[in-house]
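Have a look at work.pdb below; it lists PDB, C-alpha atoms, pLDDT in the B column.
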ATOM      1  CA  MET A   1      -7.612  13.923   6.993  1.00 90.00           C
ATOM      2  CA  LEU A   2      -4.293  12.989   8.554  1.00 95.00           C
ATOM      3  CA  LEU A   3      -1.138  12.219   6.596  1.00 96.00           C
ATOM      4  CA  ALA A   4       0.997   9.760   8.566  1.00 97.00           C
ATOM      5  CA  ILE A   5       4.625   9.417   7.458  1.00 97.00           C
ATOM      6  CA  ASP A   6       6.969   6.668   8.634  1.00 95.00           C
ATOM      7  CA  CYS A   7      10.559   7.074   7.495  1.00 95.00           C
ATOM      8  CA  GLY A   8      12.719   4.005   8.002  1.00 90.00           C
ATOM      9  CA  ASN A   9      16.294   3.281   7.018  1.00 88.00           C
ATOM     10  CA  THR A  10      15.210   1.629   3.757  1.00 87.00           C
ATOM     11  CA  ASN A  11      11.719   2.873   2.885  1.00 91.00           C
ATOM     12  CA  THR A  12       9.451   5.813   3.671  1.00 94.00           C
ATOM     13  CA  VAL A  13       5.711   5.173   3.879  1.00 95.00           C
ATOM     14  CA  PHE A  14       2.929   7.759   3.500  1.00 96.00           C
ATOM     15  CA  SER A  15      -0.607   6.798   4.584  1.00 95.00           C
ATOM     16  CA  ILE A  16      -3.766   8.904   4.484  1.00 95.00           C
ATOM     17  CA  TRP A  17      -6.123   8.434   7.448  1.00 94.00           C
ATOM     18  CA  ASP A  18      -9.695   9.735   7.306  1.00 91.00           C
ATOM     19  CA  GLY A  19     -10.422   9.154  11.001  1.00 88.00           C
ATOM     20  CA  GLU A  20     -11.767   5.635  10.511  1.00 90.00           C
ATOM     21  CA  LYS A  21      -9.543   3.906   7.958  1.00 92.00           C
ATOM     22  CA  PHE A  22      -6.479   4.305   5.787  1.00 93.00           C
ATOM     23  CA  LEU A  23      -7.545   5.450   2.329  1.00 92.00           C
ATOM     24  CA  CYS A  24      -4.246   4.595   0.680  1.00 92.00           C
ATOM     25  CA  THR A  25      -0.620   3.840   1.449  1.00 93.00           C
ATOM     26  CA  LEU A  26       2.338   4.936  -0.692  1.00 94.00           C
ATOM     27  CA  ARG A  27       5.929   3.772  -0.396  1.00 93.00           C
ATOM     28  CA  THR A  28       9.212   5.238  -1.624  1.00 93.00           C
ATOM     29  CA  SER A  29      12.889   4.655  -0.903  1.00 93.00           C
ATOM     30  CA  THR A  30      14.400   6.736   1.883  1.00 93.00           C
ATOM     31  CA  HIS A  31      16.848   9.350   0.626  1.00 91.00           C
ATOM     32  CA  HIS A  32      18.107  12.194   2.788  1.00 87.00           C
ATOM     33  CA  ALA A  33      18.659  14.512  -0.192  1.00 89.00           C
ATOM     34  CA  ARG A  34      15.053  14.393  -1.433  1.00 92.00           C
ATOM     35  CA  THR A  35      13.580  17.899  -1.273  1.00 95.00           C
ATOM     36  CA  ALA A  36      10.097  18.957  -0.169  1.00 95.00           C
ATOM     37  CA  ASP A  37       9.201  19.690  -3.811  1.00 95.00           C
ATOM     38  CA  ALA A  38      10.373  16.232  -4.873  1.00 95.00           C
ATOM     39  CA  TYR A  39       8.251  14.617  -2.163  1.00 95.00           C
ATOM     40  CA  PHE A  40       5.190  16.536  -3.334  1.00 93.00           C
ATOM     41  CA  THR A  41       5.744  15.733  -7.018  1.00 94.00           C
ATOM     42  CA  TRP A  42       5.984  12.024  -6.217  1.00 94.00           C
ATOM     43  CA  PHE A  43       3.084  12.146  -3.746  1.00 93.00           C
ATOM     44  CA  SER A  44       0.644  14.109  -5.923  1.00 91.00           C
ATOM     45  CA  THR A  45       1.405  11.992  -8.993  1.00 90.00           C
ATOM     46  CA  LEU A  46       0.548   8.733  -7.220  1.00 91.00           C
ATOM     47  CA  ILE A  47      -2.485  10.190  -5.461  1.00 89.00           C
ATOM     48  CA  LYS A  48      -4.102  10.815  -8.859  1.00 87.00           C
ATOM     49  CA  HIS A  49      -4.236   7.043  -9.317  1.00 86.00           C
ATOM     50  CA  TYR A  50      -6.528   6.710  -6.271  1.00 83.00           C
ATOM     51  CA  GLU A  51      -8.841   9.521  -7.413  1.00 84.00           C
ATOM     52  CA  LEU A  52      -9.062  10.908  -3.878  1.00 82.00           C
ATOM     53  CA  GLU A  53     -10.306  14.325  -2.892  1.00 82.00           C
ATOM     54  CA  LEU A  54      -7.657  15.249  -0.360  1.00 83.00           C
ATOM     55  CA  ASP A  55      -8.299  17.564   2.557  1.00 88.00           C
ATOM     56  CA  ILE A  56      -5.200  16.958   4.668  1.00 92.00           C
ATOM     57  CA  LYS A  57      -5.218  19.142   7.764  1.00 91.00           C
ATOM     58  CA  ASP A  58      -2.515  17.485   9.866  1.00 95.00           C
ATOM     59  CA  VAL A  59       0.727  15.551   9.399  1.00 97.00           C
ATOM     60  CA  ILE A  60       2.556  13.275  11.841  1.00 97.00           C
ATOM     61  CA  ILE A  61       6.076  11.990  11.198  1.00 97.00           C
ATOM     62  CA  SER A  62       8.138   9.164  12.650  1.00 96.00           C
ATOM     63  CA  SER A  63      11.693   8.969  11.340  1.00 95.00           C
ATOM     64  CA  THR A  64      14.693   6.821  12.221  1.00 91.00           C
ATOM     65  CA  VAL A  65      16.726   8.926   9.761  1.00 92.00           C
ATOM     66  CA  PRO A  66      17.114  12.390  11.331  1.00 90.00           C
ATOM     67  CA  ARG A  67      18.450  14.007   8.144  1.00 92.00           C
ATOM     68  CA  VAL A  68      15.147  13.630   6.286  1.00 94.00           C
ATOM     69  CA  VAL A  69      12.983  15.299   8.940  1.00 94.00           C
ATOM     70  CA  PHE A  70      13.731  18.879   7.874  1.00 95.00           C
ATOM     71  CA  ASN A  71      12.529  18.373   4.298  1.00 95.00           C
ATOM     72  CA  LEU A  72       9.448  16.465   5.495  1.00 96.00           C
ATOM     73  CA  ARG A  73       8.647  19.400   7.811  1.00 95.00           C
ATOM     74  CA  VAL A  74       8.960  21.792   4.862  1.00 96.00           C
ATOM     75  CA  PHE A  75       6.781  19.461   2.772  1.00 95.00           C
ATOM     76  CA  ALA A  76       4.012  19.570   5.412  1.00 96.00           C
ATOM     77  CA  ASP A  77       4.252  23.328   5.908  1.00 95.00           C
ATOM     78  CA  ARG A  78       4.483  24.282   2.244  1.00 95.00           C
ATOM     79  CA  PHE A  79       1.850  21.988   0.757  1.00 94.00           C
ATOM     80  CA  PHE A  80      -0.575  21.351   3.645  1.00 94.00           C
ATOM     81  CA  ASP A  81      -0.098  24.550   5.648  1.00 93.00           C
ATOM     82  CA  CYS A  82       0.468  22.743   8.940  1.00 93.00           C
ATOM     83  CA  ARG A  83       3.182  22.219  11.519  1.00 94.00           C
ATOM     84  CA  PRO A  84       3.695  18.449  11.681  1.00 96.00           C
ATOM     85  CA  LEU A  85       3.954  16.434  14.868  1.00 96.00           C
ATOM     86  CA  VAL A  86       7.313  14.651  14.964  1.00 96.00           C
ATOM     87  CA  VAL A  87       7.528  11.624  17.254  1.00 97.00           C
ATOM     88  CA  GLY A  88      10.426  12.010  19.658  1.00 92.00           C
ATOM     89  CA  LYS A  89      10.290  15.808  19.755  1.00 92.00           C
ATOM     90  CA  SER A  90       9.303  17.602  22.947  1.00 90.00           C
ATOM     91  CA  ASP A  91       5.996  18.895  21.568  1.00 92.00           C
ATOM     92  CA  CYS A  92       4.813  15.403  20.578  1.00 95.00           C
ATOM     93  CA  HIS A  93       3.523  13.679  23.708  1.00 95.00           C
ATOM     94  CA  LEU A  94       3.196   9.923  24.193  1.00 96.00           C
ATOM     95  CA  PRO A  95       0.278   8.134  25.869  1.00 96.00           C
ATOM     96  CA  VAL A  96       2.830   6.598  28.282  1.00 96.00           C
ATOM     97  CA  ASP A  97       6.438   7.735  28.592  1.00 95.00           C
ATOM     98  CA  PRO A  98       9.167   5.119  28.106  1.00 96.00           C
ATOM     99  CA  ARG A  99      10.965   3.797  31.168  1.00 96.00           C
ATOM    100  CA  VAL A 100      14.608   3.358  30.173  1.00 96.00           C
ATOM    101  CA  ASP A 101      18.021   4.460  31.409  1.00 96.00           C
ATOM    102  CA  GLU A 102      18.362   8.201  31.922  1.00 93.00           C
ATOM    103  CA  GLY A 103      19.688   9.916  28.809  1.00 90.00           C
ATOM    104  CA  THR A 104      18.645   7.104  26.487  1.00 92.00           C
ATOM    105  CA  ILE A 105      16.990   8.201  23.241  1.00 91.00           C
ATOM    106  CA  VAL A 106      14.463   5.587  22.125  1.00 94.00           C
ATOM    107  CA  GLY A 107      13.974   5.226  18.380  1.00 93.00           C
ATOM    108  CA  PRO A 108      10.702   6.810  17.185  1.00 95.00           C
ATOM    109  CA  ASP A 109       9.746   3.605  15.379  1.00 94.00           C
ATOM    110  CA  ARG A 110       9.868   1.706  18.663  1.00 95.00           C
ATOM    111  CA  LEU A 111       7.722   4.293  20.444  1.00 97.00           C
ATOM    112  CA  VAL A 112       5.164   4.198  17.636  1.00 97.00           C
ATOM    113  CA  ASN A 113       5.047   0.383  17.557  1.00 97.00           C
ATOM    114  CA  THR A 114       4.579   0.370  21.328  1.00 97.00           C
ATOM    115  CA  ALA A 115       1.634   2.784  21.147  1.00 97.00           C
ATOM    116  CA  GLY A 116      -0.026   0.870  18.318  1.00 97.00           C
ATOM    117  CA  ALA A 117       0.457  -2.555  19.870  1.00 98.00           C
ATOM    118  CA  PHE A 118      -0.798  -1.487  23.296  1.00 98.00           C
ATOM    119  CA  ASN A 119      -3.881   0.103  21.737  1.00 97.00           C
ATOM    120  CA  ARG A 120      -4.780  -3.132  19.958  1.00 97.00           C
ATOM    121  CA  HIS A 121      -3.551  -5.825  22.341  1.00 97.00           C
ATOM    122  CA  GLY A 122      -3.158  -4.310  25.796  1.00 96.00           C
ATOM    123  CA  GLY A 123       0.034  -4.640  27.839  1.00 95.00           C
ATOM    124  CA  ASP A 124       2.688  -7.267  28.530  1.00 97.00           C
ATOM    125  CA  LEU A 125       3.796  -7.530  24.905  1.00 98.00           C
ATOM    126  CA  ILE A 126       6.868  -8.275  22.846  1.00 98.00           C
ATOM    127  CA  VAL A 127       6.725  -6.542  19.460  1.00 98.00           C
ATOM    128  CA  VAL A 128       9.057  -8.081  16.875  1.00 97.00           C
ATOM    129  CA  ASP A 129       9.644  -5.781  13.905  1.00 95.00           C
ATOM    130  CA  PHE A 130      11.355  -7.282  10.851  1.00 92.00           C
ATOM    131  CA  GLY A 131      12.912  -4.202   9.277  1.00 87.00           C
ATOM    132  CA  THR A 132      16.445  -3.193   8.318  1.00 86.00           C
ATOM    133  CA  ALA A 133      17.177  -4.303  11.871  1.00 90.00           C
ATOM    134  CA  THR A 134      15.125  -6.926  13.678  1.00 94.00           C
ATOM    135  CA  THR A 135      13.933  -5.244  16.863  1.00 95.00           C
ATOM    136  CA  PHE A 136      12.183  -6.588  19.942  1.00 98.00           C
ATOM    137  CA  ASP A 137      10.176  -4.001  21.898  1.00 98.00           C
ATOM    138  CA  VAL A 138       9.011  -4.864  25.401  1.00 98.00           C
ATOM    139  CA  VAL A 139       5.710  -3.220  26.369  1.00 98.00           C
ATOM    140  CA  SER A 140       4.731  -3.160  30.051  1.00 97.00           C
ATOM    141  CA  LYS A 141       1.313  -3.762  31.524  1.00 97.00           C
ATOM    142  CA  ASP A 142       0.510  -0.032  31.448  1.00 97.00           C
ATOM    143  CA  GLY A 143       1.717   0.486  27.866  1.00 97.00           C
ATOM    144  CA  ALA A 144       5.209   1.871  28.498  1.00 97.00           C
ATOM    145  CA  TYR A 145       8.188   0.929  26.390  1.00 98.00           C
ATOM    146  CA  VAL A 146      10.611  -0.586  28.909  1.00 97.00           C
ATOM    147  CA  GLY A 147      13.466  -1.751  26.730  1.00 97.00           C
ATOM    148  CA  GLY A 148      14.199  -4.309  24.083  1.00 97.00           C
ATOM    149  CA  VAL A 149      16.697  -5.977  21.793  1.00 97.00           C
ATOM    150  CA  ILE A 150      18.247  -5.006  18.446  1.00 96.00           C
ATOM    151  CA  ALA A 151      19.593  -7.659  16.061  1.00 94.00           C
ATOM    152  CA  PRO A 152      20.755  -7.423  12.434  1.00 91.00           C
ATOM    153  CA  GLY A 153      17.885  -7.562   9.943  1.00 89.00           C
ATOM    154  CA  VAL A 154      17.299 -10.623   7.776  1.00 89.00           C
ATOM    155  CA  ASN A 155      18.198  -8.937   4.481  1.00 84.00           C
ATOM    156  CA  LEU A 156      21.157  -7.215   6.122  1.00 86.00           C
ATOM    157  CA  SER A 157      22.500 -10.611   7.164  1.00 84.00           C
ATOM    158  CA  LEU A 158      22.088 -11.989   3.646  1.00 83.00           C
ATOM    159  CA  GLU A 159      23.820  -8.961   2.160  1.00 85.00           C
ATOM    160  CA  ALA A 160      26.699  -9.311   4.623  1.00 86.00           C
ATOM    161  CA  LEU A 161      27.168 -12.970   3.609  1.00 82.00           C
ATOM    162  CA  HIS A 162      27.228 -12.007  -0.058  1.00 78.00           C
ATOM    163  CA  GLN A 163      29.665  -9.131   0.406  1.00 83.00           C
ATOM    164  CA  ALA A 164      32.043 -10.857   2.812  1.00 82.00           C
ATOM    165  CA  ALA A 165      32.282 -14.220   1.036  1.00 82.00           C
ATOM    166  CA  ALA A 166      33.202 -14.008  -2.640  1.00 71.00           C
ATOM    167  CA  ALA A 167      31.767 -17.426  -3.479  1.00 75.00           C
ATOM    168  CA  LEU A 168      28.335 -16.781  -1.972  1.00 82.00           C
ATOM    169  CA  PRO A 169      25.655 -15.295  -4.258  1.00 83.00           C
ATOM    170  CA  HIS A 170      23.079 -12.639  -3.482  1.00 83.00           C
ATOM    171  CA  ILE A 171      19.812 -14.452  -2.702  1.00 82.00           C
ATOM    172  CA  ASP A 172      16.292 -13.693  -1.527  1.00 83.00           C
ATOM    173  CA  ILE A 173      15.061 -15.043   1.791  1.00 85.00           C
ATOM    174  CA  ALA A 174      12.584 -17.927   1.585  1.00 85.00           C
ATOM    175  CA  LYS A 175      11.487 -20.814   3.767  1.00 87.00           C
ATOM    176  CA  PRO A 176      13.553 -23.830   2.642  1.00 88.00           C
ATOM    177  CA  GLN A 177      11.929 -27.198   2.059  1.00 87.00           C
ATOM    178  CA  LYS A 178      14.537 -28.939   4.219  1.00 92.00           C
ATOM    179  CA  VAL A 179      16.993 -27.865   6.892  1.00 95.00           C
ATOM    180  CA  ILE A 180      19.919 -29.566   5.129  1.00 96.00           C
ATOM    181  CA  GLY A 181      20.632 -27.699   1.907  1.00 93.00           C
ATOM    182  CA  THR A 182      21.976 -29.618  -1.093  1.00 93.00           C
ATOM    183  CA  ASN A 183      23.113 -26.534  -3.009  1.00 91.00           C
ATOM    184  CA  THR A 184      24.608 -23.165  -2.050  1.00 89.00           C
ATOM    185  CA  VAL A 185      21.378 -21.174  -2.240  1.00 89.00           C
ATOM    186  CA  ALA A 186      19.447 -23.734  -0.179  1.00 91.00           C
ATOM    187  CA  CYS A 187      22.236 -23.808   2.416  1.00 91.00           C
ATOM    188  CA  MET A 188      22.169 -20.014   2.765  1.00 87.00           C
ATOM    189  CA  GLN A 189      18.373 -19.848   2.915  1.00 89.00           C
ATOM    190  CA  SER A 190      18.285 -22.551   5.572  1.00 92.00           C
ATOM    191  CA  GLY A 191      20.930 -20.864   7.681  1.00 91.00           C
ATOM    192  CA  VAL A 192      19.234 -17.489   7.615  1.00 89.00           C
ATOM    193  CA  PHE A 193      15.625 -18.690   7.911  1.00 91.00           C
ATOM    194  CA  TRP A 194      16.095 -21.262  10.675  1.00 92.00           C
ATOM    195  CA  GLY A 195      18.700 -19.063  12.309  1.00 92.00           C
ATOM    196  CA  TYR A 196      16.145 -16.286  12.683  1.00 92.00           C
ATOM    197  CA  VAL A 197      13.449 -18.689  13.852  1.00 93.00           C
ATOM    198  CA  GLY A 198      15.844 -19.745  16.604  1.00 94.00           C
ATOM    199  CA  LEU A 199      16.848 -16.165  17.335  1.00 95.00           C
ATOM    200  CA  VAL A 200      13.241 -15.006  17.726  1.00 95.00           C
ATOM    201  CA  ARG A 201      12.247 -17.961  19.878  1.00 95.00           C
ATOM    202  CA  GLU A 202      15.269 -17.728  22.176  1.00 96.00           C
ATOM    203  CA  ILE A 203      15.088 -13.971  22.682  1.00 97.00           C
ATOM    204  CA  CYS A 204      11.338 -14.033  23.333  1.00 97.00           C
ATOM    205  CA  ASP A 205      11.722 -16.914  25.788  1.00 96.00           C
ATOM    206  CA  ARG A 206      14.435 -15.066  27.663  1.00 97.00           C
ATOM    207  CA  ILE A 207      12.409 -11.839  27.773  1.00 98.00           C
ATOM    208  CA  LYS A 208       9.421 -13.736  29.188  1.00 97.00           C
ATOM    209  CA  ALA A 209      11.634 -15.410  31.796  1.00 97.00           C
ATOM    210  CA  GLU A 210      13.185 -12.091  32.777  1.00 97.00           C
ATOM    211  CA  ARG A 211       9.796 -10.402  33.046  1.00 97.00           C
ATOM    212  CA  ASP A 212       8.401 -13.479  34.825  1.00 96.00           C
ATOM    213  CA  ARG A 213       4.909 -13.216  33.366  1.00 94.00           C
ATOM    214  CA  PRO A 214       2.911 -14.366  30.333  1.00 94.00           C
ATOM    215  CA  MET A 215       3.456 -12.107  27.330  1.00 97.00           C
ATOM    216  CA  LYS A 216       1.933 -11.919  23.864  1.00 97.00           C
ATOM    217  CA  VAL A 217       4.348 -11.766  20.935  1.00 97.00           C
ATOM    218  CA  ILE A 218       3.267  -9.521  18.044  1.00 97.00           C
ATOM    219  CA  SER A 219       5.068  -9.473  14.693  1.00 95.00           C
ATOM    220  CA  THR A 220       5.212  -6.661  12.155  1.00 95.00           C
ATOM    221  CA  GLY A 221       7.410  -5.507   9.281  1.00 89.00           C
ATOM    222  CA  GLY A 222       7.900  -6.565   5.689  1.00 84.00           C
ATOM    223  CA  LEU A 223       9.248 -10.077   6.327  1.00 85.00           C
ATOM    224  CA  ALA A 224       6.989 -10.885   9.270  1.00 89.00           C
ATOM    225  CA  PRO A 225       4.497 -12.948   7.184  1.00 87.00           C
ATOM    226  CA  LEU A 226       7.316 -15.295   6.150  1.00 86.00           C
ATOM    227  CA  PHE A 227       8.033 -16.134   9.784  1.00 88.00           C
ATOM    228  CA  GLN A 228       4.432 -15.972  10.979  1.00 82.00           C
ATOM    229  CA  GLN A 229       3.815 -19.521   9.754  1.00 75.00           C
ATOM    230  CA  SER A 230       6.817 -21.025  11.515  1.00 69.00           C
ATOM    231  CA  PHE A 231       6.306 -22.992  14.714  1.00 70.00           C
ATOM    232  CA  ALA A 232       3.818 -20.618  16.357  1.00 83.00           C
ATOM    233  CA  LEU A 233       6.404 -17.958  17.108  1.00 90.00           C
ATOM    234  CA  PHE A 234       3.807 -15.194  17.275  1.00 94.00           C
ATOM    235  CA  ASP A 235       0.375 -14.646  18.755  1.00 94.00           C
ATOM    236  CA  ALA A 236      -0.603 -12.073  16.124  1.00 94.00           C
ATOM    237  CA  PHE A 237       0.645 -10.341  12.983  1.00 94.00           C
ATOM    238  CA  GLU A 238       0.009  -6.639  12.340  1.00 94.00           C
ATOM    239  CA  ASP A 239       0.811  -5.388   8.852  1.00 91.00           C
ATOM    240  CA  ASP A 240      -0.021  -1.732   9.627  1.00 92.00           C
ATOM    241  CA  LEU A 241       1.161  -1.500  13.239  1.00 95.00           C
ATOM    242  CA  THR A 242       3.449   1.495  12.763  1.00 95.00           C
ATOM    243  CA  MET A 243       0.844   3.513  10.885  1.00 95.00           C
ATOM    244  CA  HIS A 244      -1.792   2.614  13.452  1.00 96.00           C
ATOM    245  CA  GLY A 245       0.576   3.719  16.206  1.00 97.00           C
ATOM    246  CA  LEU A 246       0.992   7.093  14.488  1.00 97.00           C
ATOM    247  CA  THR A 247      -2.791   7.633  14.533  1.00 97.00           C
ATOM    248  CA  VAL A 248      -2.899   6.678  18.233  1.00 97.00           C
ATOM    249  CA  ILE A 249      -0.194   9.225  19.090  1.00 97.00           C
ATOM    250  CA  TYR A 250      -1.876  11.870  16.913  1.00 97.00           C
ATOM    251  CA  ASP A 251      -5.241  11.353  18.636  1.00 96.00           C
ATOM    252  CA  TYR A 252      -3.590  11.526  22.067  1.00 96.00           C
ATOM    253  CA  ASN A 253      -1.968  14.860  21.231  1.00 96.00           C
ATOM    254  CA  LYS A 254      -5.219  16.292  19.904  1.00 92.00           C
ATOM    255  CA  GLU A 255      -7.113  15.270  23.027  1.00 91.00           C
ATOM    256  CA  ASN A 256      -4.504  16.465  25.562  1.00 81.00           C
TER     257      ASN A 256
END
Representation of the structure as structure tokens:
Amino acid sequence: MLLAIDCGNTNTVFSIWDGEKFLCTLRTSTHHARTADAYFTWFSTLIKHYELELDIKDVIISSTVPRVVFNLRVFADRFFDCRPLVVGKSDCHLPVDPRVDEGTIVGPDRLVNTAGAFNRHGGDLIVVDFGTATTFDVVSKDGAYVGGVIAPGVNLSLEALHQAAAALPHIDIAKPQKVIGTNTVACMQSGVFWGYVGLVREICDRIKAERDRPMKVISTGGLAPLFQQSFALFDAFEDDLTMHGLTVIYDYNKEN
């Protein structure tokens, strides 16, 4: 069994892969001070709910928060007796190396999404990930990450509105019934929702024009389903793209 761990700015996800399917997926908030023992206490407590007989032999980690990696390494070593693969480190090889400006460090999440998307959909892709930031990853014909775009995340934009404008409430994102809002909440929801629809469409159109070729647009991330229904922005939605990408990178390293 493989334990795949994806640590993002907001949440950390643990998924157990048996070689054919994910047996379960657990989610916790990301906190840099959480110790290896605390991870194991939380992990083992929830695993009891699934009544799984665990035989984890390997661990792979992708983290956009460098400060948590040390304790996750200790967690893997202490409780599963293995040295984890960490995406972005020199001993973790990628199926295809990124082609970006010299000296650029590409976020591990973007490398993992690239590997997962290419494995499922082939090349010439735009992967739109609705996370803390909304990222656009451009995947070449041969599966290389060749650049992208970073925009503020949907919830980050809502939080900024609430914090910067005293009269504006904290709201949840939702698709409004009409573009023209007739109350404050509806106005904010319309601005954010249709604003991001326009942002996604415009950026994807410009990427396609710059690449001068047809490209599939794949969405992933927690808020992706909300936008999946809007004006055919995406060709496909992948709810487990990051975790799938981790298994692809793990298999590549085992075979090479």
As a list in words, please: the residues near Val128 (chain A) (cut-off 9 Å, only C-alpha atoms, same-chain neighbours under 6 positions excluded). Thr134, Thr135, Phe136, Asp137, Val200, Val217, Ile218, Ser219, Thr220, Gly221, Ala224 and Phe234 of chain A
Residues from the last selection, C-alpha atoms, saved as a JSON list (two decimals), in the coordinates of the input:
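The result, written out as out.json:
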[["chain", "number", "residue", "atom", "x", "y", "z"],
["A", 134, "THR", "CA", 15.12, -6.93, 13.68],
["A", 135, "THR", "CA", 13.93, -5.24, 16.86],
["A", 136, "PHE", "CA", 12.18, -6.59, 19.94],
["A", 137, "ASP", "CA", 10.18, -4.00, 21.90],
["A", 200, "VAL", "CA", 13.24, -15.01, 17.73],
["A", 217, "VAL", "CA", 4.35, -11.77, 20.94],
["A", 218, "ILE", "CA", 3.27, -9.52, 18.04],
["A", 219, "SER", "CA", 5.07, -9.47, 14.69],
["A", 220, "THR", "CA", 5.21, -6.66, 12.16],
["A", 221, "GLY", "CA", 7.41, -5.51, 9.28],
["A", 224, "ALA", "CA", 6.99, -10.88, 9.27],
["A", 234, "PHE", "CA", 3.81, -15.19, 17.27]]
Nearest-residue call for Trp17 (chain A), choices A:Val59, A:Val197, A:Leu46, A:Ala36, using only C-alpha atoms: A:Val59
Here's the selection I'm unsure about, the PyMOL selection byres ((chain A and resi 9) around 12); applied to the file above, which residues does it give, as a ChimeraX atom specification? /A:6-8,10-13,28-32,62-68,107,109,131-133,153,156
Return as a PyMOL selection string the set of residues that the PyMOL selection byres ((chain A and resi 169-172) around 12) yields on the displayed structure. chain A and resi 154-168+173-176+183-190+192-193+223+226
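Minimum distance to Leu199 (chain A) across A:Val96, A:Ala144, A:Val179, A:Val149 (counting only C-alpha atoms) occurs at A:Val149.
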Residue members of the PyMOL selection byres ((chain A and resi 91) around 12) in the file shown, as a list of chain:residue names: A:Ile60, A:Arg83, A:Pro84, A:Leu85, A:Val86, A:Val87, A:Gly88, A:Lys89, A:Ser90, A:Cys92, A:His93, A:Leu94, A:Ile249, A:Tyr250, A:Asn253, A:Lys254, A:Asn256
Distance CA of Tyr39 (chain A)-CA of Met1 (chain A), one decimal place? 18.3 Å
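Take the candidates A:Ile5, A:Ala151, A:Val138, A:Ala209 and check each one against Tyr196 (chain A) using all atoms listed in the file; the shortest distance goes to A:Ala151.
Using only C-alpha atoms, the protein and nucleic acid residues lying no more than 7 Å from Cys82 (chain A), apart from those fewer than 2 places from it along its own chain, are Lys57, Asp58, Ala76, Asp77, Phe80 and Pro84 of chain A.
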Saved selection, atoms kept: C-alpha atoms, as a short mmCIF file (atom, residue, chain, number, x, y, z; two decimals), in the coordinates of the input:
data_model
loop_
_atom_site.label_atom_id
_atom_site.label_comp_id
_atom_site.auth_asym_id
_atom_site.auth_seq_id
_atom_site.Cartn_x
_atom_site.Cartn_y
_atom_site.Cartn_z
CA LYS A 57 -5.22 19.14 7.76
CA ASP A 58 -2.52 17.48 9.87
CA ALA A 76 4.01 19.57 5.41
CA ASP A 77 4.25 23.33 5.91
CA PHE A 80 -0.57 21.35 3.64
CA PRO A 84 3.70 18.45 11.68
#
Name all residues at most 9 Å from Leu125 (chain A) (count only C-alpha atoms; drop same-chain ones fewer than 5 positions away) and give them as a VMD selection string. chain A and resid 114 117 to 118 137 to 141 143 214 to 218
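For the pair CA of Asp37 (chain A) and CA of Asp81 (chain A), the separation is 14.1 Å.
CA of Trp194 (chain A) is found 17.1 Å from CA of Asp129 (chain A).
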